[in-house]
Amino acid sequence: MELFINGQKLDITLENEKTVGDVLRSFEQTASQNRCATIGVQIDGKKIEAQDFDAAAAAEIESVKKIELSVVQEDAVAEAFKNAAADINDTVGLMAQIPAQLQSGGDSKARASIARLADTVDNFCHIIALSTLFPERFGKIKIDGKNLSGFFEDFMPIFNDLNGALESGDTVTLGDLAEYEISPRLSSLAEAVKEL
């Protein structure tokens, strides 16, 4: 059996491992000691979904040719947060320009900025999902006194209002939301994660 971690083949010697689950448990102990977490498993080229994991783990090791694991490091998540903080700050700058763009006929630029906002938030939510694998380090993040989950619970209605303003063509509300609601929250978010 071959074991690959993030595309790199490892030289391993099996000791008492009889099943795929034994191999995975052994690897998880080592990964945890190295502040890593497994985020994906493929066995013989087939991605193992959560509902299929128990059956895959029970498979005898002799029946498997290749196990591929996708792993994320805690420090890589911290670095992703720092990079996201820079991206968020860039997006804050774009949000600040939206009112002037809407007043001067720059609707297409304003829409491009809003699309960038959506991409930025989507990327950040992906990083949040990875951060939950390391709760000791990232579970303490606070934005304006709220944890990440609480922050986004308060933020999502503003996105809904923004979407409604876009659909109705309400440029006044769109500009106000971008400048007075979204920009300050994004600035707080970037500040909270830039030094992780």
# chains A, B, ... in the order shown; residues from 1 in each chain; ligands from 1
$ residues_around --residues "Ile12 of chain A" --least-positions-apart "5" --cutoff "12 Å" --atoms "only C-alpha atoms" --output "MDAnalysis selection string"
chainID A and resid 1:5 17 23 26:27 67
$ closest_atom_pairs --of "segment 54-163 of chain A" --to "segment 169-179 of chain A" --cutoff "12 Å" --atoms "only C-alpha atoms" --output "Markdown table"
| residue | atom | partner | partner_atom | distance |
| --- | --- | --- | --- | --- |
| A:Thr91 | CA | A:Ala178 | CA | 10.3 |
| A:Val92 | CA | A:Glu179 | CA | 8.6 |
| A:Gly93 | CA | A:Glu179 | CA | 9.6 |
| A:Leu94 | CA | A:Ala178 | CA | 8.9 |
| A:Met95 | CA | A:Ala178 | CA | 5.2 |
| A:Ala96 | CA | A:Glu179 | CA | 5.2 |
| A:Gln97 | CA | A:Glu179 | CA | 8.1 |
| A:Ile98 | CA | A:Gly175 | CA | 5.8 |
| A:Pro99 | CA | A:Gly175 | CA | 4.3 |
| A:Ala100 | CA | A:Gly175 | CA | 8.1 |
| A:Gln101 | CA | A:Gly175 | CA | 8.9 |
| A:Leu102 | CA | A:Thr171 | CA | 6.4 |
| A:Gln103 | CA | A:Thr171 | CA | 8.2 |
| A:Ser104 | CA | A:Thr171 | CA | 11.3 |
| A:Gly105 | CA | A:Thr171 | CA | 10.6 |
| A:Gly106 | CA | A:Thr171 | CA | 11.1 |
| A:Asp107 | CA | A:Thr171 | CA | 8.9 |
| A:Ala110 | CA | A:Gly175 | CA | 9.1 |
| A:Arg111 | CA | A:Leu174 | CA | 10.2 |
| A:Ser113 | CA | A:Ala178 | CA | 9.8 |
| A:Ile114 | CA | A:Ala178 | CA | 8.7 |
| A:Leu117 | CA | A:Ala178 | CA | 9.9 |
| A:Phe155 | CA | A:Leu177 | CA | 11.3 |
| A:Pro157 | CA | A:Leu177 | CA | 11.1 |
| A:Ile158 | CA | A:Leu177 | CA | 7.4 |
| A:Phe159 | CA | A:Leu177 | CA | 8.9 |
| A:Asn160 | CA | A:Leu177 | CA | 10.7 |
| A:Asp161 | CA | A:Leu177 | CA | 8.0 |
| A:Leu162 | CA | A:Leu174 | CA | 6.0 |
| A:Asn163 | CA | A:Leu174 | CA | 8.7 |
$ select_by_dssp --residues "segment 59-195 of chain A" --states "helix (DSSP H, G or I)" --output "PyMOL selection string"
chain A and resi 61-63+74-103+107-131+135-138+148-168+171-193
$ select_by_dssp --residues "segment 47-148 of chain A" --states "strand (DSSP E)" --output "list of chain:residue names"
A:Lys47, A:Lys66, A:Ile67, A:Glu68, A:Leu69, A:Ser70, A:Val71, A:Val72, A:Gln73
$ write_last_selection --atoms "all heavy atoms" --output "compact mmCIF listing (two decimals), in the first residue's frame"
# COMPACT_ATOMS: atom_id res chain seq x y z
N LYS A 47 -12.75 9.48 -3.89
CA LYS A 47 -12.90 10.38 -2.75
C LYS A 47 -13.88 9.77 -1.76
O LYS A 47 -14.97 9.35 -2.13
CB LYS A 47 -13.41 11.75 -3.23
CG LYS A 47 -13.55 12.76 -2.12
CD LYS A 47 -14.00 14.10 -2.66
CE LYS A 47 -14.15 15.08 -1.52
NZ LYS A 47 -14.59 16.38 -1.96
N LYS A 66 -3.65 2.35 -2.67
CA LYS A 66 -3.19 3.72 -2.50
C LYS A 66 -4.17 4.51 -1.62
O LYS A 66 -5.37 4.52 -1.88
CB LYS A 66 -3.08 4.39 -3.87
CG LYS A 66 -2.52 5.78 -3.89
CD LYS A 66 -2.44 6.24 -5.36
CE LYS A 66 -1.79 7.57 -5.51
NZ LYS A 66 -1.78 8.02 -6.91
N ILE A 67 -3.62 5.18 -0.59
CA ILE A 67 -4.40 6.10 0.23
C ILE A 67 -3.79 7.49 0.04
O ILE A 67 -2.58 7.66 0.17
CB ILE A 67 -4.36 5.73 1.73
CG1 ILE A 67 -4.99 4.35 1.96
CG2 ILE A 67 -5.08 6.79 2.57
CD1 ILE A 67 -4.89 3.85 3.40
N GLU A 68 -4.64 8.45 -0.32
CA GLU A 68 -4.20 9.83 -0.50
C GLU A 68 -4.92 10.71 0.51
O GLU A 68 -6.15 10.71 0.57
CB GLU A 68 -4.50 10.32 -1.91
CG GLU A 68 -3.81 9.51 -2.99
CD GLU A 68 -4.31 9.86 -4.37
OE1 GLU A 68 -3.76 10.81 -4.97
OE2 GLU A 68 -5.27 9.20 -4.83
N LEU A 69 -4.15 11.46 1.29
CA LEU A 69 -4.73 12.34 2.30
C LEU A 69 -4.41 13.79 1.95
O LEU A 69 -3.29 14.11 1.54
CB LEU A 69 -4.16 12.01 3.68
CG LEU A 69 -4.35 10.58 4.16
CD1 LEU A 69 -3.66 10.37 5.50
CD2 LEU A 69 -5.82 10.23 4.28
N SER A 70 -5.41 14.64 2.12
CA SER A 70 -5.19 16.08 2.02
C SER A 70 -5.14 16.60 3.45
O SER A 70 -6.02 16.31 4.25
CB SER A 70 -6.35 16.75 1.27
OG SER A 70 -6.42 16.26 -0.05
N VAL A 71 -4.10 17.35 3.73
CA VAL A 71 -3.84 17.80 5.09
C VAL A 71 -3.64 19.31 5.09
O VAL A 71 -3.07 19.86 4.15
CB VAL A 71 -2.58 17.08 5.64
CG1 VAL A 71 -2.19 17.60 7.00
CG2 VAL A 71 -2.82 15.58 5.70
N VAL A 72 -4.10 19.96 6.15
CA VAL A 72 -3.85 21.39 6.32
C VAL A 72 -3.09 21.59 7.62
O VAL A 72 -3.35 20.91 8.62
CB VAL A 72 -5.17 22.20 6.30
CG1 VAL A 72 -6.06 21.85 7.47
CG2 VAL A 72 -4.89 23.69 6.27
N GLN A 73 -2.14 22.51 7.60
CA GLN A 73 -1.37 22.84 8.79
C GLN A 73 -1.97 24.05 9.48
O GLN A 73 -2.46 24.98 8.82
CB GLN A 73 0.08 23.15 8.43
CG GLN A 73 0.85 21.98 7.89
CD GLN A 73 2.26 22.39 7.52
OE1 GLN A 73 2.48 23.42 6.93
NE2 GLN A 73 3.22 21.54 7.89
$ residues_around --residues "segment 52-58 of chain A" --least-positions-apart "2" --cutoff "9 Å" --atoms "only C-alpha atoms" --output "ChimeraX atom specification"
/A:19-24,41,43,48-50,60-61
$ closest_residue --among "A:Phe151, A:Val64, A:Glu195, A:Glu74" --to "Arg137 of chain A" --atoms "only C-alpha atoms"
A:Glu74
$ closest_residue --among "A:Gly40, A:Ile127, A:Ala165, A:Asp119" --to "Gly7 of chain A" --atoms "only C-alpha atoms"
A:Gly40
